There are 2 protein chains.
Amino acid sequence: MAKYYHTIEGEFSMKKGVLFSPQIAYETWGALNSSRDNAVLVFTGLSPSAHIASSVEDNSPGWWEDMVGPGKPIDTRQYYVICVNSLGSCFGSTGAASLNPKTGQVYRLEFPQLCIEDIAKSSAEVIHALNINSLYATVGASMGGMTALAFCILYPDLSRSLVSISSAARALPFAIALRSLQREIIREDPDWKNGLYPLDAPPASGMRLARKLGMISYRSASEWETRFGRERASNTSDEENTGPFQSSFEIESYLEHQARTFIGKFDTNCYLYLSQAMDLFDSADFGGCLEQAFSRLKISRAKIIGVTTDILFPIQQQIELSEHLEKVVKKVSFDCLKSEQGHDSFLVDMDRFRPVISSFFAN
Amino acid sequence: MAKYYHTIEGEFSMKKGVLFSPQIAYETWGALNSSRDNAVLVFTGLSPSAHIASSVEDNSPGWWEDMVGPGKPIDTRQYYVICVNSLGSCFGSTGAASLNPKTGQVYRLEFPQLCIEDIAKSSAEVIHALNINSLYATVGASMGGMTALAFCILYPDLSRSLVSISSAARALPFAIALRSLQREIIREDPDWKNGLYPLDAPPASGMRLARKLGMISYRSASEWETRFGRERASNTSDEENTGPFQSSFEIESYLEHQARTFIGKFDTNCYLYLSQAMDLFDSADFGGCLEQAFSRLKISRAKIIGVTTDILFPIQQQIELSEHLEKVVKKVSFDCLKSEQGHDSFLVDMDRFRPVISSFFAN
């Protein structure tokens, strides 16, 4: 089987709280070699599950289907790929939507404040349980890149390299403003009920609006100009888009569709916890400044990939990351990609990402 | 007196409806010369009133106080400055918050769909009433730049020049997405009551959230990084910022403060009408394409000013505007300013804007 659940026995200390016997869901592809040193650990962005690619057991396409598999850039004939569902998420790992074993109730807002470091730490438990002492690489995009960086800083001996994609060493105010507003939009939905919404009746309006704001920050103005321009939606039977003060531009229909497919797929409180964890992340917390934090690293290689049209994790943050890594890591390569799809490019612009990821893992 | 109200007698045909005897509020500074050709008409962005500068009658600071007055870049010793409160707004001009003379009731959503062209057309009535046949210049920033462009296309003989600041020839999907989402956030506030909210109890939550999204689009990531970084707010007594999933970063406090000062100052329905008018604007509507539209112009000079950090009216749109103007206007100058404050720069970065505006009006 390729889908696993690891239970961390007893008390698990978080940065700002304690959980009792939390569970971490993960999936694996490929096989561990005899020296147990060919594993690649992948951390996800805020919303995906651990299902990075299809498998014999679950043939539904994964969120990075083009990138992981036999003969693909992260070749599962060579590497043992482990993708973790983040602590705090809702796809098998313990989060605000899980039962608190101490009370028998769903955690909801009793879940402790979540930090990126907690996701890294709980994942390290999985790696230890697998009896792996040296990972070939730790990989992450977006929030996953923050987690991958935290992991490499917290466990300097555990990974030999780092791949950070459209991520950052810390959250900056423009991104914080967007995420803080998304969370406030959700909290202002009366159906949120201070986190006590029935699990089958989440605050749909707040989630829909927050997701639309997310999409605005995940893509790029230039992509949308090319793709939608000022076209009007052909399907005006979609009543949601014909309310007063909506104009049925294609871009409005697109956002509506994207937002509706998200509702019900992700628990609202889990979303709020993970979103805030990104705002709180600052790798300078390890020692007081970025220099101190990065001096703990023992990786020998790092690849930083950024996209020029990304407004959420802008290219300046990729440069910052690269420059700090170059001071302490032997081999650092930085790829500045001209993808049009903004922050989401790593999920869609495979023609640009495939060769870059390939070259790293072909070594 | 420098504050006036012009009533357009009888039926006023809009692009998509009819108003009966609408009123346009405007303010003036300086004096009309004997040939009545030294007037400068200024259109505002979405939210300001006609009070562009202080005057003897109203000494409160105007929204462009540094730019208009004796000895200032638009020198009121030389020019007769007219600033119009847009049709559809709520500072003296007829809008959704005004009484419908036909029914004696507040218009609310009975107000016809508003277009930028309607603002231009109603303002032309003011200029005609003042017996002005040739304006020195028509000036506008943001939405006001769209209105100024529409005005010069609709009334080719009425203005000798155009100054367009951080504006555009048409709305593109990224800006449409942001504004459409702002409107939807407001409509989803139960207190909006389909536009029937008591005028003294507007949908405060929706307006607050929409204003925050507005601020995110009006400023720039680089400004906020310099200004706020990851600082936490010192004043944590401000309860609004300490709800769950808010982290009291300075940027969060700033947005909260900005949003709260906006509520109650601007009628919600008027905001919705003006916001949608911007989305609908496409100067290609005059003749089918931009080339056709711009071929109607008879201005002899144009100045286009844009800001590199503007994400709402990006610099590419300023270039588009300049390039199309260059084909038909004798003298076009384009200033690409490196202000850090994004779309709002024209309101705050006076050190960069003052010389550029000065040089145009010194000629």
# chains A, B, ... in the order shown; residues from 1 in each chain; ligands from 1
$ calpha_fit_and_write --fixed "chain B" --moving "chain A" --output "short mmCIF file (atom, residue, chain, number, x, y, z; two decimals) with C-alpha atoms, in the first residue's frame"
data_model
loop_
_atom_site.label_atom_id
_atom_site.label_comp_id
_atom_site.auth_asym_id
_atom_site.auth_seq_id
_atom_site.Cartn_x
_atom_site.Cartn_y
_atom_site.Cartn_z
CA MET A 1 -18.96 81.14 -3.68
CA ALA A 2 -16.82 78.34 -5.01
CA LYS A 3 -19.22 75.46 -4.46
CA TYR A 4 -21.98 75.00 -7.02
CA TYR A 5 -24.77 72.68 -8.00
CA HIS A 6 -25.86 72.50 -11.60
CA THR A 7 -29.21 70.94 -12.40
CA ILE A 8 -29.57 69.38 -15.82
CA GLU A 9 -33.13 70.29 -16.73
CA GLY A 10 -35.48 67.59 -17.97
CA GLU A 11 -34.53 64.12 -19.13
CA PHE A 12 -30.85 63.22 -19.11
CA SER A 13 -30.12 60.24 -21.36
CA MET A 14 -27.47 57.92 -20.01
CA LYS A 15 -25.75 55.15 -21.94
CA LYS A 16 -28.18 52.66 -20.41
CA GLY A 17 -31.05 54.61 -18.89
CA VAL A 18 -32.59 57.98 -18.18
CA LEU A 19 -32.47 60.35 -15.20
CA PHE A 20 -34.84 63.24 -14.58
CA SER A 21 -33.20 66.55 -13.68
CA PRO A 22 -30.01 65.19 -12.18
CA GLN A 23 -27.76 67.57 -10.26
CA ILE A 24 -23.99 67.86 -10.58
CA ALA A 25 -21.96 69.30 -7.73
CA TYR A 26 -18.71 71.06 -8.57
CA GLU A 27 -16.23 73.44 -7.06
CA THR A 28 -14.08 76.08 -8.74
CA TRP A 29 -10.86 77.92 -7.95
CA GLY A 30 -9.35 80.92 -9.68
CA ALA A 31 -11.13 83.01 -12.28
CA LEU A 32 -12.21 82.55 -15.85
CA ASN A 33 -10.31 84.91 -18.16
CA SER A 34 -12.07 87.21 -20.59
CA SER A 35 -11.75 84.79 -23.51
CA ARG A 36 -13.12 82.03 -21.22
CA ASP A 37 -10.41 79.62 -22.35
CA ASN A 38 -8.24 79.13 -19.25
CA ALA A 39 -10.38 76.49 -17.54
CA VAL A 40 -8.98 73.16 -16.35
CA LEU A 41 -11.55 70.44 -15.77
CA VAL A 42 -10.58 67.79 -13.22
CA PHE A 43 -12.34 64.44 -12.85
CA THR A 44 -11.83 62.49 -9.63
CA GLY A 45 -11.13 58.87 -8.79
CA LEU A 46 -13.93 56.71 -7.41
CA SER A 47 -14.16 58.10 -3.89
CA PRO A 48 -13.19 61.81 -3.66
CA SER A 49 -15.60 64.72 -3.68
CA ALA A 50 -15.19 67.82 -5.84
CA HIS A 51 -13.13 69.39 -3.03
CA ILE A 52 -9.76 69.14 -4.74
CA ALA A 53 -8.26 72.00 -2.69
CA SER A 54 -9.14 74.29 0.17
CA SER A 55 -10.79 77.62 -0.58
CA VAL A 56 -11.94 80.72 1.24
CA GLU A 57 -15.40 79.21 1.57
CA ASP A 58 -14.17 75.77 2.68
CA ASN A 59 -10.71 75.76 4.22
CA SER A 60 -10.58 72.00 4.81
CA PRO A 61 -7.72 70.43 2.84
CA GLY A 62 -8.70 69.04 -0.54
CA TRP A 63 -7.75 65.64 -1.91
CA TRP A 64 -5.05 67.20 -4.16
CA GLU A 65 -4.23 70.16 -1.92
CA ASP A 66 -0.56 70.21 -2.91
CA MET A 67 -1.36 70.39 -6.60
CA VAL A 68 -4.03 73.07 -6.98
CA GLY A 69 -3.82 76.64 -5.68
CA PRO A 70 -2.01 79.93 -6.11
CA GLY A 71 1.61 79.22 -7.07
CA LYS A 72 1.00 75.47 -7.12
CA PRO A 73 1.54 73.18 -10.14
CA ILE A 74 -1.99 73.88 -11.38
CA ASP A 75 -1.74 77.57 -10.58
CA THR A 76 -5.14 79.09 -9.82
CA ARG A 77 -3.76 82.58 -10.51
CA GLN A 78 -3.51 81.45 -14.12
CA TYR A 79 -6.16 78.78 -14.48
CA TYR A 80 -9.81 78.48 -13.62
CA VAL A 81 -9.99 75.01 -12.07
CA ILE A 82 -13.29 73.13 -12.08
CA CYS A 83 -13.55 69.84 -10.18
CA VAL A 84 -16.71 67.80 -10.64
CA ASN A 85 -18.26 65.31 -8.25
CA SER A 86 -19.02 62.39 -10.55
CA LEU A 87 -22.57 61.57 -11.48
CA GLY A 88 -23.40 58.48 -9.39
CA SER A 89 -21.33 59.64 -6.43
CA CYS A 90 -22.71 60.90 -3.12
CA PHE A 91 -21.12 64.30 -2.52
CA GLY A 92 -23.78 66.53 -4.02
CA SER A 93 -24.19 64.94 -7.43
CA THR A 94 -27.15 62.70 -8.15
CA GLY A 95 -26.52 59.06 -7.41
CA ALA A 96 -28.14 55.95 -5.96
CA ALA A 97 -28.40 57.67 -2.55
CA SER A 98 -30.32 60.65 -4.01
CA LEU A 99 -34.06 61.14 -4.14
CA ASN A 100 -35.70 60.10 -7.37
CA PRO A 101 -37.88 63.12 -8.21
CA LYS A 102 -40.30 60.86 -10.08
CA THR A 103 -41.07 58.75 -6.98
CA GLY A 104 -39.93 60.85 -4.05
CA GLN A 105 -37.97 57.78 -2.91
CA VAL A 106 -34.20 57.23 -2.72
CA TYR A 107 -33.10 55.66 -6.00
CA ARG A 108 -31.06 52.79 -4.52
CA LEU A 109 -30.98 50.04 -7.18
CA GLU A 110 -33.55 51.89 -9.32
CA PHE A 111 -30.68 54.13 -10.39
CA PRO A 112 -29.80 53.15 -13.97
CA GLN A 113 -26.58 51.28 -14.70
CA LEU A 114 -23.84 53.90 -14.59
CA CYS A 115 -21.15 54.24 -17.27
CA ILE A 116 -18.05 56.41 -17.32
CA GLU A 117 -19.49 58.11 -20.40
CA ASP A 118 -22.45 59.32 -18.30
CA ILE A 119 -20.08 61.06 -15.90
CA ALA A 120 -18.35 62.75 -18.84
CA LYS A 121 -21.63 63.73 -20.46
CA SER A 122 -23.17 65.21 -17.29
CA SER A 123 -19.97 67.18 -16.70
CA ALA A 124 -20.10 68.56 -20.23
CA GLU A 125 -23.47 70.06 -19.27
CA VAL A 126 -21.70 71.97 -16.50
CA ILE A 127 -19.05 73.24 -18.92
CA HIS A 128 -21.71 74.35 -21.41
CA ALA A 129 -23.67 76.07 -18.64
CA LEU A 130 -20.51 77.97 -17.70
CA ASN A 131 -20.40 79.16 -21.30
CA ILE A 132 -16.96 77.63 -21.82
CA ASN A 133 -16.21 76.46 -25.33
CA SER A 134 -12.57 75.56 -24.99
CA LEU A 135 -10.89 74.07 -21.92
CA TYR A 136 -7.16 74.47 -21.46
CA ALA A 137 -6.98 70.89 -20.21
CA THR A 138 -9.02 67.96 -19.00
CA VAL A 139 -7.33 66.11 -16.16
CA GLY A 140 -8.08 62.87 -14.35
CA ALA A 141 -6.44 60.22 -12.24
CA SER A 142 -7.58 56.61 -11.88
CA MET A 143 -11.33 56.47 -12.70
CA GLY A 144 -11.02 60.21 -13.38
CA GLY A 145 -8.53 59.47 -16.15
CA MET A 146 -11.05 57.17 -17.81
CA THR A 147 -13.65 59.95 -17.55
CA ALA A 148 -11.22 62.53 -18.93
CA LEU A 149 -10.45 60.29 -21.91
CA ALA A 150 -14.15 59.62 -22.56
CA PHE A 151 -14.80 63.38 -22.30
CA CYS A 152 -12.13 64.21 -24.89
CA ILE A 153 -13.45 61.55 -27.25
CA LEU A 154 -17.11 62.54 -26.80
CA TYR A 155 -16.43 66.30 -27.07
CA PRO A 156 -13.45 66.64 -29.40
CA ASP A 157 -13.77 70.42 -29.65
CA LEU A 158 -14.17 71.12 -25.96
CA SER A 159 -10.67 70.47 -24.60
CA ARG A 160 -7.27 71.42 -25.98
CA SER A 161 -5.32 68.87 -23.95
CA LEU A 162 -5.57 65.77 -21.77
CA VAL A 163 -3.68 64.74 -18.63
CA SER A 164 -4.24 61.10 -17.71
CA ILE A 165 -2.71 59.83 -14.48
CA SER A 166 -2.53 56.16 -13.48
CA SER A 167 -5.52 55.39 -15.63
CA ALA A 168 -6.30 53.29 -18.69
CA ALA A 169 -8.05 53.10 -22.05
CA ARG A 170 -10.10 50.18 -20.72
CA ALA A 171 -10.49 47.91 -17.73
CA LEU A 172 -8.54 44.65 -17.88
CA PRO A 173 -9.42 41.37 -16.14
CA PHE A 174 -7.08 41.62 -13.11
CA ALA A 175 -8.62 44.96 -12.09
CA ILE A 176 -12.10 43.72 -12.97
CA ALA A 177 -11.54 40.67 -10.77
CA LEU A 178 -10.55 42.83 -7.80
CA ARG A 179 -13.46 45.23 -8.18
CA SER A 180 -15.98 42.48 -8.89
CA LEU A 181 -14.84 40.71 -5.71
CA GLN A 182 -15.13 43.93 -3.70
CA ARG A 183 -18.70 44.33 -4.89
CA GLU A 184 -19.54 40.71 -4.14
CA ILE A 185 -18.09 41.01 -0.63
CA ILE A 186 -20.45 43.94 -0.04
CA ARG A 187 -23.46 42.17 -1.54
CA GLU A 188 -22.79 39.11 0.64
CA ASP A 189 -23.02 41.25 3.80
CA PRO A 190 -26.56 40.52 5.08
CA ASP A 191 -26.78 44.19 6.10
CA TRP A 192 -26.68 45.24 2.45
CA LYS A 193 -30.27 43.94 2.20
CA ASN A 194 -30.23 43.99 -1.60
CA GLY A 195 -29.46 47.68 -1.51
CA LEU A 196 -32.29 48.53 0.90
CA TYR A 197 -30.12 49.09 4.01
CA PRO A 198 -31.15 52.04 6.21
CA LEU A 199 -28.94 54.94 5.12
CA ASP A 200 -27.72 55.32 8.72
CA ALA A 201 -26.92 51.60 9.01
CA PRO A 202 -24.91 50.64 5.93
CA PRO A 203 -23.32 47.20 5.51
CA ALA A 204 -20.28 48.10 7.59
CA SER A 205 -18.62 44.69 7.51
CA GLY A 206 -18.81 44.40 3.72
CA MET A 207 -17.61 47.96 3.23
CA ARG A 208 -14.73 47.45 5.66
CA LEU A 209 -13.58 44.26 3.90
CA ALA A 210 -13.99 45.78 0.42
CA ARG A 211 -11.98 48.82 1.46
CA LYS A 212 -9.18 46.61 2.77
CA LEU A 213 -9.07 44.84 -0.58
CA GLY A 214 -9.06 48.26 -2.22
CA MET A 215 -6.07 49.35 -0.13
CA ILE A 216 -4.21 46.16 -1.08
CA SER A 217 -4.71 47.06 -4.74
CA TYR A 218 -3.96 50.79 -4.30
CA ARG A 219 -0.54 50.52 -2.67
CA SER A 220 2.49 48.34 -3.34
CA ALA A 221 4.27 45.38 -1.83
CA SER A 222 7.60 47.20 -1.83
CA GLU A 223 6.17 50.23 0.00
CA TRP A 224 4.71 47.99 2.69
CA GLU A 225 7.89 45.97 3.05
CA THR A 226 9.83 49.18 3.75
CA ARG A 227 7.12 50.75 5.85
CA PHE A 228 5.82 47.84 7.92
CA GLY A 229 8.04 44.82 7.40
CA ARG A 230 7.03 42.19 9.96
CA GLU A 231 6.48 44.68 12.79
CA ARG A 232 3.72 43.95 15.26
CA ALA A 233 1.24 46.68 16.16
CA SER A 234 2.18 48.49 19.33
CA ASN A 235 -1.42 49.38 20.11
CA THR A 236 -2.93 45.99 20.85
CA SER A 237 -5.80 47.59 22.75
CA ASP A 238 -7.53 47.90 19.37
CA GLU A 239 -9.89 44.97 19.85
CA GLU A 240 -10.84 44.65 16.21
CA ASN A 241 -7.37 43.39 15.41
CA THR A 242 -7.08 40.75 18.06
CA GLY A 243 -9.78 38.35 16.89
CA PRO A 244 -8.85 34.74 16.19
CA PHE A 245 -6.52 34.27 13.23
CA GLN A 246 -5.40 37.90 13.22
CA SER A 247 -1.79 38.38 14.23
CA SER A 248 -1.67 42.11 14.93
CA PHE A 249 1.00 42.75 12.34
CA GLU A 250 1.37 46.48 11.67
CA ILE A 251 0.03 45.92 8.16
CA GLU A 252 -3.17 44.46 9.63
CA SER A 253 -3.64 47.45 11.95
CA TYR A 254 -3.00 49.84 9.09
CA LEU A 255 -5.64 48.21 6.90
CA GLU A 256 -8.11 48.14 9.79
CA HIS A 257 -7.59 51.83 10.44
CA GLN A 258 -7.89 52.76 6.76
CA ALA A 259 -11.04 50.70 6.38
CA ARG A 260 -12.74 52.12 9.47
CA THR A 261 -12.17 55.71 8.43
CA PHE A 262 -13.92 54.94 5.11
CA ILE A 263 -17.14 53.48 6.54
CA GLY A 264 -19.99 55.96 6.67
CA LYS A 265 -18.14 58.37 4.40
CA PHE A 266 -19.28 56.82 1.16
CA ASP A 267 -22.71 55.45 0.34
CA THR A 268 -22.53 51.72 -0.36
CA ASN A 269 -24.80 51.61 -3.40
CA CYS A 270 -23.00 54.60 -4.95
CA TYR A 271 -19.75 52.72 -4.45
CA LEU A 272 -21.17 49.67 -6.23
CA TYR A 273 -22.36 51.74 -9.21
CA LEU A 274 -19.08 53.61 -9.64
CA SER A 275 -17.00 50.46 -9.20
CA GLN A 276 -18.91 48.66 -11.93
CA ALA A 277 -18.73 51.70 -14.22
CA MET A 278 -14.93 51.31 -14.20
CA ASP A 279 -15.18 47.63 -15.19
CA LEU A 280 -17.54 48.47 -18.04
CA PHE A 281 -15.31 51.21 -19.46
CA ASP A 282 -13.66 50.41 -22.77
CA SER A 283 -12.78 53.32 -24.99
CA ALA A 284 -12.89 50.86 -27.91
CA ASP A 285 -16.67 51.14 -27.56
CA PHE A 286 -16.33 54.42 -29.48
CA GLY A 287 -16.10 52.95 -32.94
CA GLY A 288 -15.17 49.33 -32.30
CA CYS A 289 -11.47 49.54 -31.58
CA LEU A 290 -8.97 51.83 -29.85
CA GLU A 291 -7.69 53.20 -33.17
CA GLN A 292 -11.19 54.27 -34.24
CA ALA A 293 -11.93 55.74 -30.81
CA PHE A 294 -8.72 57.72 -30.61
CA SER A 295 -9.09 58.99 -34.19
CA ARG A 296 -11.95 61.17 -32.92
CA LEU A 297 -9.63 63.13 -30.64
CA LYS A 298 -8.77 66.72 -31.51
CA ILE A 299 -6.58 67.56 -28.51
CA SER A 300 -3.18 68.94 -29.44
CA ARG A 301 -1.32 67.84 -26.32
CA ALA A 302 -1.52 64.87 -23.99
CA LYS A 303 0.42 63.86 -20.93
CA ILE A 304 0.29 60.30 -19.63
CA ILE A 305 1.67 59.60 -16.18
CA GLY A 306 2.06 56.10 -14.79
CA VAL A 307 3.76 54.45 -11.83
CA THR A 308 5.91 51.33 -12.03
CA THR A 309 4.51 49.84 -8.80
CA ASP A 310 0.83 50.28 -9.78
CA ILE A 311 -0.86 46.86 -9.99
CA LEU A 312 -4.39 48.19 -10.61
CA PHE A 313 -3.56 50.38 -13.63
CA PRO A 314 -0.20 48.86 -14.54
CA ILE A 315 2.47 50.65 -16.49
CA GLN A 316 1.72 48.55 -19.57
CA GLN A 317 -1.66 50.26 -19.75
CA GLN A 318 0.03 53.67 -19.63
CA ILE A 319 2.25 52.62 -22.50
CA GLU A 320 -0.78 51.37 -24.44
CA LEU A 321 -2.50 54.71 -23.87
CA SER A 322 0.57 56.71 -24.92
CA GLU A 323 1.17 54.67 -28.04
CA HIS A 324 -2.39 55.08 -29.23
CA LEU A 325 -2.37 58.80 -28.48
CA GLU A 326 0.90 59.29 -30.34
CA LYS A 327 -0.78 58.20 -33.55
CA VAL A 328 -3.28 61.06 -33.45
CA VAL A 329 -2.07 63.75 -31.04
CA LYS A 330 0.65 66.22 -32.02
CA LYS A 331 2.45 66.34 -28.70
CA VAL A 332 2.34 63.38 -26.32
CA SER A 333 4.59 63.03 -23.31
CA PHE A 334 4.73 59.94 -21.12
CA ASP A 335 6.16 59.94 -17.61
CA CYS A 336 6.95 56.60 -16.03
CA LEU A 337 7.45 57.37 -12.34
CA LYS A 338 9.25 55.07 -9.93
CA SER A 339 7.03 55.93 -6.97
CA GLU A 340 6.81 53.26 -4.29
CA GLN A 341 3.16 53.86 -3.33
CA GLY A 342 1.51 52.03 -6.22
CA HIS A 343 -1.74 53.29 -7.68
CA ASP A 344 -2.16 55.87 -4.87
CA SER A 345 1.16 57.56 -5.64
CA PHE A 346 -0.49 60.59 -7.26
CA LEU A 347 -2.09 61.33 -3.87
CA VAL A 348 1.06 60.97 -1.78
CA ASP A 349 4.30 61.07 -3.77
CA MET A 350 4.18 64.80 -4.36
CA ASP A 351 7.94 65.06 -4.86
CA ARG A 352 7.65 63.02 -8.02
CA PHE A 353 4.27 64.27 -9.26
CA ARG A 354 4.67 68.00 -8.61
CA PRO A 355 7.38 68.67 -11.22
CA VAL A 356 5.63 66.56 -13.85
CA ILE A 357 2.30 68.34 -13.43
CA SER A 358 4.08 71.69 -13.12
CA SER A 359 5.91 71.30 -16.39
CA PHE A 360 2.69 70.55 -18.23
CA PHE A 361 0.85 73.58 -16.87
CA ALA A 362 3.84 75.93 -17.07
CA ASN A 363 3.61 75.83 -20.86
#
$ select_by_dssp --residues "stretch 78-294 of chain A" --states "strand (DSSP E)" --output "CSV table (one decimal) with N, CA and C atoms, in the first residue's frame"
chain,number,residue,atom,x,y,z
A,80,TYR,N,12.7,7.3,-3.8
A,80,TYR,CA,11.5,6.9,-3.0
A,80,TYR,C,10.9,8.2,-2.6
A,81,VAL,N,9.8,8.5,-3.1
A,81,VAL,CA,9.1,9.8,-2.9
A,81,VAL,C,8.1,9.7,-1.8
A,82,ILE,N,8.2,10.6,-0.8
A,82,ILE,CA,7.3,10.7,0.3
A,82,ILE,C,6.6,12.0,0.3
A,83,CYS,N,5.3,12.1,0.2
A,83,CYS,CA,4.6,13.3,0.3
A,83,CYS,C,3.7,13.3,1.5
A,84,VAL,N,3.8,14.4,2.3
A,84,VAL,CA,3.2,14.4,3.6
A,84,VAL,C,2.0,15.4,3.6
A,99,LEU,N,-10.8,14.8,15.6
A,99,LEU,CA,-11.3,14.6,17.0
A,99,LEU,C,-10.1,14.8,17.9
A,100,ASN,N,-10.4,15.5,19.0
A,100,ASN,CA,-9.4,15.7,20.1
A,100,ASN,C,-9.6,14.4,21.0
A,105,GLN,N,-14.2,15.4,21.3
A,105,GLN,CA,-14.9,16.4,20.4
A,105,GLN,C,-13.9,16.8,19.3
A,106,VAL,N,-14.5,17.4,18.2
A,106,VAL,CA,-13.7,18.0,17.2
A,106,VAL,C,-12.9,19.2,17.8
A,137,ALA,N,16.7,14.6,-1.0
A,137,ALA,CA,16.2,16.0,-1.1
A,137,ALA,C,15.0,16.3,-0.3
A,138,THR,N,14.8,17.5,0.1
A,138,THR,CA,13.5,18.0,0.7
A,138,THR,C,13.0,19.1,-0.3
A,139,VAL,N,11.8,18.9,-0.7
A,139,VAL,CA,11.2,19.7,-1.8
A,139,VAL,C,9.9,20.4,-1.3
A,140,GLY,N,9.7,21.6,-1.7
A,140,GLY,CA,8.4,22.2,-1.3
A,140,GLY,C,8.1,23.4,-2.2
A,141,ALA,N,6.9,23.6,-2.5
A,141,ALA,CA,6.5,24.8,-3.3
A,141,ALA,C,5.5,25.6,-2.4
A,161,SER,N,19.8,17.9,0.4
A,161,SER,CA,19.6,19.1,-0.5
A,161,SER,C,18.2,19.6,-0.3
A,162,LEU,N,18.0,20.8,-0.8
A,162,LEU,CA,16.7,21.5,-0.7
A,162,LEU,C,16.3,22.1,-2.0
A,163,VAL,N,15.0,21.8,-2.4
A,163,VAL,CA,14.4,22.5,-3.6
A,163,VAL,C,13.3,23.3,-3.1
A,164,SER,N,13.4,24.6,-3.3
A,164,SER,CA,12.4,25.6,-2.8
A,164,SER,C,11.8,26.3,-4.1
A,165,ILE,N,10.5,26.1,-4.2
A,165,ILE,CA,9.8,26.6,-5.4
A,165,ILE,C,8.8,27.7,-5.0
$ select_by_dssp --residues "stretch 201-347 of chain B" --states "helix (DSSP H, G or I)" --output "PyMOL selection string"
chain B and resi 204-218+221-227+239-241+250-262+268-280+283-285+290-295+315-326+342-347
$ decode --residues "stretch 95-132 of chain A" --atoms "C-alpha atoms" --output "short mmCIF file (atom, residue, chain, number, x, y, z; two decimals), in the first residue's frame"
data_model
loop_
_atom_site.label_atom_id
_atom_site.label_comp_id
_atom_site.auth_asym_id
_atom_site.auth_seq_id
_atom_site.Cartn_x
_atom_site.Cartn_y
_atom_site.Cartn_z
CA GLY A 95 -6.04 19.28 12.27
CA ALA A 96 -8.83 21.48 13.58
CA ALA A 97 -11.42 19.18 11.96
CA SER A 98 -10.06 16.09 13.76
CA LEU A 99 -11.29 14.57 16.99
CA ASN A 100 -9.41 15.66 20.08
CA PRO A 101 -8.68 12.34 21.82
CA LYS A 102 -8.66 14.10 25.18
CA THR A 103 -12.26 15.32 24.83
CA GLY A 104 -13.77 13.15 22.12
CA GLN A 105 -14.87 16.40 20.44
CA VAL A 106 -13.70 17.96 17.17
CA TYR A 107 -10.85 20.34 17.98
CA ARG A 108 -12.15 23.37 16.05
CA LEU A 109 -10.59 26.45 17.69
CA GLU A 110 -9.20 24.35 20.56
CA PHE A 111 -6.50 23.25 18.14
CA PRO A 112 -3.30 25.07 19.19
CA GLN A 113 -1.92 27.88 17.04
CA LEU A 114 -0.19 26.18 14.13
CA CYS A 115 3.31 27.11 12.94
CA ILE A 116 5.21 25.97 9.87
CA GLU A 117 7.81 24.50 12.22
CA ASP A 118 5.15 22.14 13.63
CA ILE A 119 4.48 20.76 10.16
CA ALA A 120 8.22 20.18 9.68
CA LYS A 121 8.62 18.60 13.10
CA SER A 122 5.67 16.21 12.74
CA SER A 123 6.98 15.17 9.32
CA ALA A 124 10.41 14.46 10.79
CA GLU A 125 8.65 11.91 13.02
CA VAL A 126 7.49 10.12 9.87
CA ILE A 127 11.01 10.12 8.44
CA HIS A 128 12.44 8.75 11.69
CA ALA A 129 9.74 6.08 11.82
CA LEU A 130 10.72 5.03 8.30
CA ASN A 131 14.25 4.59 9.63
CA ILE A 132 15.61 7.10 7.14
#
